[in-house]
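Down below is the structure, laid out as structure tokens.
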Amino acid sequence: MKMSVNIPFLFTLIAGLSVGSQGVVFAQNIDATNTLSVNPSPVVKAKYFQHIEGVPSPKVVDCQLTDGTNTQCLTLYSKALPDHLQIGPFCPENINEQGGIWEWDGEDPGLYRLNGAFFKKLNALGYRFYDESGNLFITTPGGAAPQVRQSAHACLEAKLETHVKTTTLIPLYPKQAKQVTDLGTVAKVGLALDGIPVFADAPSVLQTGQLPALDECGGHVDPGGYYHWHGTSTDIDSSFKHEGVHAHCHLSQSHSALFAFAFDGFPMYGSAEEDGKLAQGLDECNGHFGPTKAFPNGIYHYHASLTFPNLPKCLKGVQAKDNFKTTAKIGIGSQGNKASAGHGRGQRPDLGKAAQTLGVSEMALRQALGGPPPNFQQAAEKLKVSVSQLQKALGHS
């Protein structure tokens with residue numbers, strides 16, 4: 001699509017604006033009418049996304065970015081789960097079985113397979129997820145099955161609601177933001193080429209006491225009933241290898257393939273460049289400028305990391321307003337926007353940042369907090385800080 005170009009706009013673009021035959025890299029300034037006008041080709045195109053049966057085709061619409069810029073976006077519609085995709089397992093029924101995966105951020109942090117060894121490890125740390133027979137306490141997000149009442153902890157599995165549909169809005173022409181957008185717990189990251197939403201970290205067991213299990217491709221079902229990714233699924237085996245986890249995603253794996261478009265319109269790739277070499281010179285968001293197969297003249301793009309969750313840590317561009325909606329009654333994108341419902345209420349505390357604020361090591365902070373629920377009085381005494389200082393650093397004030 002060709003958009004109108006205002007002459008004053010052309011003279012207000014910053015010197016670093018790069019425009020090639022494959023689209024715009026960054027646009028910092030706009031014209032007096034607050035309209036982002038660019039030419040030639042848009043970055044985000046319907047052709048990159050798989051055709052999804054049973055939903056309307058993608059369409060270009062007028063939209064407004066969160067900074068007030070008027071531009072155009074691609075609207076994409078998706079089902080709760082693509083017809084081709086097999087998901088699970090998530091929570092194992094018994095500690096003698098193997099389930100999915102989980103990124104543990106407590107003592108001895110890292111990526112783990114959900115099996116007996118992992119749950120016994122949590123049990124030794126004060127997190128009991130199974131009964132005397134080794135059967136796991138499993139419930140739906142926000143639910144309270146009878147057996148769960150035996151413990152404060154449970155492995156969570158949301159129910160797939162096949163009638164749920166999602167609508168995503170992504171700018172056709174990415175625009176650099178004045179400040180990066182940090183991606184906190186379950187923050188919206190992007191949309192995979194198969195139409196599956198991509199979200200940041202799932203809530204921490206340390207914060208909620210619950211474990212919303214992921215399958216071996218790094219996804220699970222939202223409390224609203226639709227499936228989503230918490231990692232770059234098409235390069236997740238690289239993370240398994242890097243972290244020494246015996247797991248495998250059944251999806252075709254590629255270190256360099258285009259995986260998704262972020263909500264700011266910039267593309268997301270695997271951990272490597274087209275030549276198979278690990279991406280270098282990455283910024284704080286795990287991105288950089290360079291040529292790719294889809295954008296041979298170069299574009300700013302994100303890369304997967306080798307450590308899980310293998311997603312960007314922040315977004316460089318400006319997102320569209322109201323960029324993700326669902327027909328679900330709860331969960332991310334629902335009308336009530338009850339994003340915390342059942343993934344385990346609360347946000348994952350940044351223990352590294354909290355430790356720095358308190359002037360202690362991250363390990364000392366973890367050891368002082370212990371298992372949930374944390375005893376702030378005891379932890380504060382161990383760290384030689386006040387309770388209010390500790391709670392404020394952890395975001396509880």
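Just so we're on the same page: first chain in the structure tokens is A, next is B, and so on; residues restart at 1 for each chain, and ligands are numbered from 1 in the order they show up.
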message: I'd like the contact shell of A:Cys155 - 9 Å cut-off, only C-alpha atoms, skipping same-chain residues fewer than 2 positions apart - returned as a ChimeraX atom specification.
response: /A:90-92,129,136-141,153,157,210-213
Using only C-alpha atoms, which residues of stretch 196-256 of chain A come within 8 Å of stretch 301-306 of chain A, and what is the closest atom pair for each, with the distance in Å to one decimal? Give it as a tab-separated table, sorted by chain and residue number.
```
residue	atom	partner	partner_atom	distance
A:Thr232	CA	A:Ala304	CA	6.5
A:Asp235	CA	A:Ala304	CA	7.5
A:Ser238	CA	A:Leu306	CA	6.2
A:Ser239	CA	A:Leu306	CA	4.7
A:His242	CA	A:Leu306	CA	6.3
```
List the spatial neighbours of stretch 256-266 of chain A as an mmCIF file with N, CA and C atoms, in the first residue's frame - criterion: any atom at most 6 Å away, only C-alpha atoms, same-chain residues fewer than 3 positions off excluded.
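The resulting file, result18.cif, is reproduced below:
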```
data_model
loop_
_atom_site.group_PDB
_atom_site.id
_atom_site.type_symbol
_atom_site.label_atom_id
_atom_site.label_comp_id
_atom_site.auth_asym_id
_atom_site.auth_seq_id
_atom_site.Cartn_x
_atom_site.Cartn_y
_atom_site.Cartn_z
ATOM 1 N N ILE A 170 -0.746 -4.480 14.507
ATOM 2 C CA ILE A 170 0.694 -4.225 14.425
ATOM 3 C C ILE A 170 0.956 -3.117 13.407
ATOM 4 N N PRO A 171 1.759 -2.092 13.760
ATOM 5 C CA PRO A 171 2.053 -1.007 12.807
ATOM 6 C C PRO A 171 2.735 -1.527 11.546
ATOM 7 N N PRO A 174 7.275 0.539 11.347
ATOM 8 C CA PRO A 174 7.804 0.692 12.710
ATOM 9 C C PRO A 174 8.404 2.076 12.950
ATOM 10 N N VAL A 189 4.498 -9.242 23.743
ATOM 11 C CA VAL A 189 5.743 -9.132 22.984
ATOM 12 C C VAL A 189 5.463 -9.026 21.490
ATOM 13 N N GLY A 190 4.663 -9.961 20.941
ATOM 14 C CA GLY A 190 4.419 -9.937 19.508
ATOM 15 C C GLY A 190 3.449 -11.011 19.071
ATOM 16 N N LEU A 191 3.424 -11.254 17.767
ATOM 17 C CA LEU A 191 2.556 -12.278 17.184
ATOM 18 C C LEU A 191 3.403 -13.160 16.283
ATOM 19 N N ALA A 192 3.413 -14.477 16.553
ATOM 20 C CA ALA A 192 4.167 -15.430 15.740
ATOM 21 C C ALA A 192 3.522 -15.566 14.366
ATOM 22 N N LEU A 193 4.284 -16.055 13.410
ATOM 23 C CA LEU A 193 3.785 -16.176 12.046
ATOM 24 C C LEU A 193 2.631 -17.158 11.926
ATOM 25 N N TYR A 269 13.681 -12.868 15.139
ATOM 26 C CA TYR A 269 14.350 -14.024 14.551
ATOM 27 C C TYR A 269 14.902 -14.960 15.624
ATOM 28 N N GLY A 270 15.430 -16.095 15.176
ATOM 29 C CA GLY A 270 16.107 -17.017 16.070
ATOM 30 C C GLY A 270 17.416 -16.425 16.551
ATOM 31 N N ALA A 272 20.498 -16.915 15.634
ATOM 32 C CA ALA A 272 21.626 -16.815 14.700
ATOM 33 C C ALA A 272 21.287 -15.956 13.484
ATOM 34 N N GLU A 273 22.338 -15.559 12.771
ATOM 35 C CA GLU A 273 22.183 -14.839 11.508
ATOM 36 C C GLU A 273 21.960 -15.839 10.376
ATOM 37 N N GLU A 274 21.779 -15.322 9.168
ATOM 38 C CA GLU A 274 21.532 -16.178 8.003
ATOM 39 C C GLU A 274 22.678 -17.157 7.756
ATOM 40 N N HIS A 301 16.026 -5.517 13.952
ATOM 41 C CA HIS A 301 15.282 -6.740 14.269
ATOM 42 C C HIS A 301 15.795 -7.333 15.574
ATOM 43 N N GLY A 317 10.404 0.000 19.539
ATOM 44 C CA GLY A 317 9.470 0.816 18.789
ATOM 45 C C GLY A 317 8.217 1.191 19.545
ATOM 46 N N VAL A 318 7.395 2.015 18.891
ATOM 47 C CA VAL A 318 6.119 2.458 19.451
ATOM 48 C C VAL A 318 5.026 1.498 19.009
ATOM 49 N N GLN A 319 4.182 1.098 19.935
ATOM 50 C CA GLN A 319 3.110 0.159 19.631
ATOM 51 C C GLN A 319 1.804 0.878 19.302
#
```
query: What gap, in Å, lies between atom CA of A:Val205 and atom CA of A:Lys325?
result: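 Straight-line distance from atom CA of A:Val205 to atom CA of A:Lys325 works out to 26.9 Å.
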May I have a table of the residues of stretch 279-330 of chain A lying at most 10 Å from stretch 38-54 of chain A, giving each one's closest pair of atoms and their distance in Å to one decimal, counting only C-alpha atoms, ordered by chain and ascending residue number, as CSV?
```
residue,atom,partner,partner_atom,distance
A:Ala294,CA,A:Tyr48,CA,9.4
A:Phe295,CA,A:Val43,CA,8.6
A:Ile299,CA,A:Val43,CA,9.0
```
Sorted by chain and rising residue number, list the residues of stretch 108-224 of chain A at most 10 Å from stretch 280-287 of chain A (counting only C-alpha atoms), each with its closest atom pair and distance in Å to one decimal, as JSON lines.
```
{"residue": "A:Val180", "atom": "CA", "partner": "A:Cys285", "partner_atom": "CA", "distance": 8.1}
{"residue": "A:Thr181", "atom": "CA", "partner": "A:Cys285", "partner_atom": "CA", "distance": 9.1}
{"residue": "A:Asp182", "atom": "CA", "partner": "A:Cys285", "partner_atom": "CA", "distance": 8.5}
{"residue": "A:Leu183", "atom": "CA", "partner": "A:Cys285", "partner_atom": "CA", "distance": 9.4}
```
Using C-alpha atoms, can you write the selected residues to a file as a JSON list (two decimals), in the first residue's frame?
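Listed below is the output, result-v3.json:
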```json
[["chain", "number", "residue", "atom", "x", "y", "z"],
["A", 180, "VAL", "CA", 12.44, 1.41, 25.24],
["A", 181, "THR", "CA", 9.47, -0.49, 26.65],
["A", 182, "ASP", "CA", 10.59, -2.98, 29.28],
["A", 183, "LEU", "CA", 8.81, -6.32, 29.06]]
```
task: Report the residues of stretch 64-184 of chain A whose backbone DSSP state falls under strand (DSSP E), written as a PyMOL selection string.
output: chain A and resi 64+70-79+101-104+110-113+138-139+154-156+165-171+176-182
- request: Quick one: everything within 9 Å of stretch 101-108 of chain A, counting only C-alpha atoms, minus sequence neighbours fewer than 3 positions away in the same chain. Send it as a VMD selection string.
  value: chain A and resid 90 to 91 111 to 115 125 201 to 202 204 to 206 211 to 218 245 247 308 to 309 363 366 to 367 370 to 371
Include N, CA, C and O atoms and write out the residues we just selected as a short mmCIF file (atom, residue, chain, number, x, y, z; two decimals), in the first residue's frame.
```cif
data_model
loop_
_atom_site.label_atom_id
_atom_site.label_comp_id
_atom_site.auth_asym_id
_atom_site.auth_seq_id
_atom_site.Cartn_x
_atom_site.Cartn_y
_atom_site.Cartn_z
N PHE A 90 1.80 -30.51 29.90
CA PHE A 90 2.10 -29.39 30.78
C PHE A 90 2.49 -29.94 32.16
O PHE A 90 3.66 -30.20 32.41
N CYS A 91 1.53 -30.13 33.05
CA CYS A 91 1.81 -30.68 34.38
C CYS A 91 1.80 -32.21 34.32
O CYS A 91 0.84 -32.80 33.81
N LEU A 111 16.48 -23.29 33.67
CA LEU A 111 15.39 -23.98 32.98
C LEU A 111 15.39 -25.44 33.37
O LEU A 111 16.43 -26.10 33.36
N TYR A 112 14.22 -25.97 33.71
CA TYR A 112 14.10 -27.35 34.18
C TYR A 112 12.98 -28.08 33.45
O TYR A 112 11.99 -27.47 33.02
N ARG A 113 13.13 -29.39 33.35
CA ARG A 113 12.05 -30.26 32.90
C ARG A 113 11.17 -30.55 34.11
O ARG A 113 11.65 -30.74 35.23
N LEU A 114 9.84 -30.55 33.91
CA LEU A 114 8.91 -30.80 34.99
C LEU A 114 8.82 -32.31 35.24
O LEU A 114 8.06 -33.03 34.60
N ASN A 115 9.64 -32.78 36.18
CA ASN A 115 9.68 -34.20 36.51
C ASN A 115 9.93 -34.37 38.00
O ASN A 115 9.97 -33.40 38.77
N LEU A 125 12.87 -27.15 49.17
CA LEU A 125 12.96 -25.70 49.39
C LEU A 125 11.69 -25.14 50.03
O LEU A 125 11.58 -23.93 50.24
N ASP A 201 7.79 -13.28 30.30
CA ASP A 201 7.83 -14.23 31.42
C ASP A 201 6.47 -14.54 32.02
O ASP A 201 5.66 -13.63 32.26
N ALA A 202 6.23 -15.80 32.32
CA ALA A 202 5.07 -16.19 33.13
C ALA A 202 5.36 -15.81 34.58
O ALA A 202 6.52 -15.68 34.98
N SER A 204 6.18 -15.73 38.50
CA SER A 204 7.12 -16.53 39.26
C SER A 204 6.44 -17.30 40.39
O SER A 204 5.55 -16.80 41.07
N VAL A 205 6.91 -18.53 40.60
CA VAL A 205 6.45 -19.33 41.74
C VAL A 205 6.80 -18.62 43.04
O VAL A 205 6.06 -18.68 44.03
N LEU A 206 7.93 -17.92 43.06
CA LEU A 206 8.35 -17.20 44.26
C LEU A 206 7.33 -16.16 44.68
O LEU A 206 7.15 -15.87 45.86
N LEU A 211 2.52 -22.71 39.75
CA LEU A 211 3.40 -22.98 38.63
C LEU A 211 2.58 -23.20 37.36
O LEU A 211 2.05 -24.29 37.15
N PRO A 212 2.44 -22.17 36.51
CA PRO A 212 1.70 -22.32 35.25
C PRO A 212 2.57 -23.01 34.19
O PRO A 212 3.25 -22.35 33.42
N ALA A 213 2.55 -24.32 34.19
CA ALA A 213 3.49 -25.12 33.39
C ALA A 213 3.45 -24.78 31.91
O ALA A 213 2.39 -24.49 31.33
N LEU A 214 4.63 -24.83 31.28
CA LEU A 214 4.77 -24.66 29.84
C LEU A 214 5.04 -26.01 29.20
O LEU A 214 5.62 -26.90 29.83
N ASP A 215 4.65 -26.17 27.94
CA ASP A 215 5.00 -27.41 27.25
C ASP A 215 6.40 -27.27 26.65
O ASP A 215 7.07 -26.25 26.84
N GLU A 216 6.85 -28.28 25.93
CA GLU A 216 8.23 -28.29 25.45
C GLU A 216 8.50 -27.29 24.34
O GLU A 216 9.66 -27.09 23.94
N CYS A 217 7.46 -26.65 23.83
CA CYS A 217 7.65 -25.58 22.84
C CYS A 217 7.56 -24.20 23.49
O CYS A 217 7.60 -23.18 22.81
N GLY A 218 7.42 -24.18 24.82
CA GLY A 218 7.41 -22.91 25.54
C GLY A 218 6.09 -22.20 25.57
O GLY A 218 6.03 -20.98 25.73
N VAL A 245 19.05 -29.09 29.16
CA VAL A 245 17.73 -29.65 29.48
C VAL A 245 17.37 -30.70 28.42
O VAL A 245 17.46 -30.43 27.21
N ALA A 247 14.90 -31.97 26.50
CA ALA A 247 13.55 -31.69 26.00
C ALA A 247 13.66 -31.40 24.51
O ALA A 247 14.75 -31.13 23.98
N PHE A 308 16.65 -19.17 28.39
CA PHE A 308 15.20 -19.08 28.38
C PHE A 308 14.73 -18.13 29.48
O PHE A 308 15.33 -18.12 30.56
N PRO A 309 13.68 -17.32 29.23
CA PRO A 309 12.89 -17.25 28.01
C PRO A 309 13.64 -16.51 26.90
O PRO A 309 14.15 -15.42 27.11
N MET A 363 21.88 -13.39 45.78
CA MET A 363 21.80 -14.66 46.48
C MET A 363 21.39 -14.46 47.94
O MET A 363 20.58 -15.22 48.48
N ARG A 366 17.68 -13.84 48.02
CA ARG A 366 16.92 -15.07 47.79
C ARG A 366 16.90 -15.94 49.05
O ARG A 366 15.87 -16.49 49.43
N GLN A 367 18.05 -16.09 49.67
CA GLN A 367 18.15 -16.93 50.86
C GLN A 367 17.35 -16.35 52.02
O GLN A 367 16.72 -17.09 52.79
N GLY A 370 13.51 -17.00 51.34
CA GLY A 370 13.10 -18.39 51.49
C GLY A 370 11.90 -18.72 50.63
O GLY A 370 11.65 -18.10 49.60
N GLY A 371 11.11 -19.71 51.06
CA GLY A 371 9.93 -20.12 50.32
C GLY A 371 8.73 -19.27 50.67
O GLY A 371 8.70 -18.60 51.69
#
```
- request: Please return as a PyMOL selection string: the residues of stretch 78-274 of chain A that backbone DSSP assigns to alpha helix (DSSP H).
  value: chain A and resi 116-124+205-208+236-243
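Counting from atom CA of A:Thr66, the distance to atom CA of A:Lys165 is 23.7 Å.
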- prompt: At what distance in Å, to one decimal, does atom CA of A:Lys159 lie from atom CA of A:Val221?
  reply: 6.8 Å
message: When you look at A:Ala354 with a cut-off of 9 Å (counting only C-alpha atoms), what residues show up, excluding the ones that are within fewer than 5 positions of it in the same chain? I need them as a list in words.
response: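 Result of the neighbour search: Pro349, Gly359, Val360, Glu362, Leu365, Leu390, Lys392, Ala393, Leu394 and Gly395 of chain A.
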Would you mind exporting N, CA, C and O atoms of the selected residues as a CSV table (one decimal), in the first residue's frame?
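So the final result, stored in selection-v3.csv, reads:
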```csv
chain,number,residue,atom,x,y,z
A,349,PRO,N,8.9,-10.3,40.9
A,349,PRO,CA,9.8,-9.2,41.3
A,349,PRO,C,11.2,-9.3,40.7
A,349,PRO,O,11.7,-10.5,40.4
A,359,GLY,N,21.4,-2.9,48.6
A,359,GLY,CA,22.8,-3.0,48.9
A,359,GLY,C,23.3,-4.3,49.3
A,359,GLY,O,24.3,-4.5,50.1
A,360,VAL,N,22.6,-5.4,48.8
A,360,VAL,CA,23.0,-6.8,49.2
A,360,VAL,C,23.1,-7.6,47.9
A,360,VAL,O,22.8,-7.1,46.8
A,362,GLU,N,22.2,-10.7,45.3
A,362,GLU,CA,20.9,-11.3,44.9
A,362,GLU,C,20.8,-12.6,45.6
A,362,GLU,O,19.7,-13.0,46.1
A,365,LEU,N,19.6,-12.1,49.1
A,365,LEU,CA,18.2,-11.7,49.1
A,365,LEU,C,17.3,-13.0,49.0
A,365,LEU,O,16.3,-13.2,49.7
A,390,LEU,N,12.5,-3.3,52.6
A,390,LEU,CA,12.5,-4.6,51.8
A,390,LEU,C,11.2,-4.7,50.9
A,390,LEU,O,11.3,-5.0,49.8
A,392,LYS,N,9.4,-2.3,49.8
A,392,LYS,CA,9.4,-1.3,48.7
A,392,LYS,C,10.3,-1.7,47.6
A,392,LYS,O,10.0,-1.6,46.4
A,393,ALA,N,11.5,-2.3,47.9
A,393,ALA,CA,12.4,-2.8,46.9
A,393,ALA,C,11.8,-3.9,46.1
A,393,ALA,O,12.1,-4.1,44.9
A,394,LEU,N,10.9,-4.7,46.7
A,394,LEU,CA,10.2,-5.8,46.0
A,394,LEU,C,8.9,-5.4,45.4
A,394,LEU,O,8.3,-6.3,44.7
A,395,GLY,N,8.6,-4.2,45.5
A,395,GLY,CA,7.4,-3.7,44.8
A,395,GLY,C,6.1,-4.0,45.6
A,395,GLY,O,5.0,-4.1,45.0
```
message: Need the shell around A:His230: protein/DNA/RNA residues with any atom at most 6 Å away, counting only C-alpha atoms. Skip same-chain ones fewer than 5 positions apart. Format as a PyMOL selection string?
response: chain A and resi 198-200+218-219
Can you spit out the residues from that selection as a short mmCIF file (atom, residue, chain, number, x, y, z; two decimals), in the first residue's frame, using N, CA, C and O atoms?
```
data_model
loop_
_atom_site.label_atom_id
_atom_site.label_comp_id
_atom_site.auth_asym_id
_atom_site.auth_seq_id
_atom_site.Cartn_x
_atom_site.Cartn_y
_atom_site.Cartn_z
N VAL A 198 2.63 -13.92 21.49
CA VAL A 198 3.87 -14.14 22.23
C VAL A 198 3.90 -13.19 23.42
O VAL A 198 3.80 -11.98 23.26
N PHE A 199 4.03 -13.75 24.62
CA PHE A 199 4.08 -12.96 25.85
C PHE A 199 5.40 -13.18 26.57
O PHE A 199 6.06 -14.21 26.39
N ALA A 200 5.77 -12.23 27.43
CA ALA A 200 7.00 -12.32 28.20
C ALA A 200 6.84 -13.32 29.35
O ALA A 200 5.88 -14.09 29.40
N GLY A 218 7.42 -24.18 24.82
CA GLY A 218 7.41 -22.91 25.54
C GLY A 218 6.09 -22.20 25.57
O GLY A 218 6.03 -20.98 25.73
N GLY A 219 4.99 -22.93 25.44
CA GLY A 219 3.68 -22.31 25.45
C GLY A 219 2.73 -22.96 26.43
O GLY A 219 3.00 -24.03 26.96
#
```
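Close contacts of A:Thr168, defined as residues with an atom at most 9 Å away when counting only C-alpha atoms, with chain neighbours fewer than 5 positions off set aside, comprise A:Leu74, A:Thr75, A:Leu76, A:Tyr77, A:Ser78, A:Gly190, A:Leu191, A:Pro197, A:Phe263, A:Asp322, A:Asn323, A:Phe324, A:Lys325, A:Thr326.
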Go ahead and dump the residues you just picked, N, CA and C atoms, as a tab-separated table (two decimals), in the first residue's frame.
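Just written: again-v6.tsv:
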```
chain	number	residue	atom	x	y	z
A	74	LEU	N	-1.67	-3.42	10.45
A	74	LEU	CA	-2.23	-4.67	9.93
A	74	LEU	C	-3.01	-5.32	11.05
A	75	THR	N	-4.28	-5.60	10.79
A	75	THR	CA	-5.11	-6.30	11.75
A	75	THR	C	-5.10	-7.78	11.41
A	76	LEU	N	-4.76	-8.61	12.41
A	76	LEU	CA	-4.67	-10.05	12.20
A	76	LEU	C	-5.58	-10.77	13.17
A	77	TYR	N	-6.27	-11.78	12.67
A	77	TYR	CA	-7.24	-12.54	13.46
A	77	TYR	C	-6.74	-13.97	13.65
A	78	SER	N	-6.94	-14.50	14.84
A	78	SER	CA	-6.45	-15.85	15.13
A	78	SER	C	-7.46	-16.64	15.95
A	190	GLY	N	4.66	-9.96	20.94
A	190	GLY	CA	4.42	-9.94	19.51
A	190	GLY	C	3.45	-11.01	19.07
A	191	LEU	N	3.42	-11.25	17.77
A	191	LEU	CA	2.56	-12.28	17.18
A	191	LEU	C	3.40	-13.16	16.28
A	197	PRO	N	-0.11	-15.59	19.84
A	197	PRO	CA	0.47	-14.45	20.57
A	197	PRO	C	1.73	-14.87	21.32
A	263	PHE	N	5.14	-6.33	18.72
A	263	PHE	CA	4.01	-5.40	18.70
A	263	PHE	C	4.41	-4.01	18.21
A	322	ASP	N	-4.55	-0.18	21.83
A	322	ASP	CA	-5.53	-1.28	21.81
A	322	ASP	C	-5.09	-2.36	20.83
A	323	ASN	N	-3.86	-2.83	20.98
A	323	ASN	CA	-3.27	-3.71	19.96
A	323	ASN	C	-3.54	-5.20	20.15
A	324	PHE	N	-4.23	-5.57	21.22
A	324	PHE	CA	-4.54	-6.99	21.39
A	324	PHE	C	-5.85	-7.16	22.13
A	325	LYS	N	-6.80	-7.81	21.47
A	325	LYS	CA	-8.11	-8.05	22.07
A	325	LYS	C	-8.53	-9.50	21.86
A	326	THR	N	-9.32	-10.02	22.80
A	326	THR	CA	-9.84	-11.37	22.65
A	326	THR	C	-11.35	-11.36	22.95
```
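Of the listed residues A:Gly195, A:Pro296, A:Gly100, A:Gly290, the one whose atoms come nearest to A:His84 is A:Gly195, with distances taken using only C-alpha atoms.
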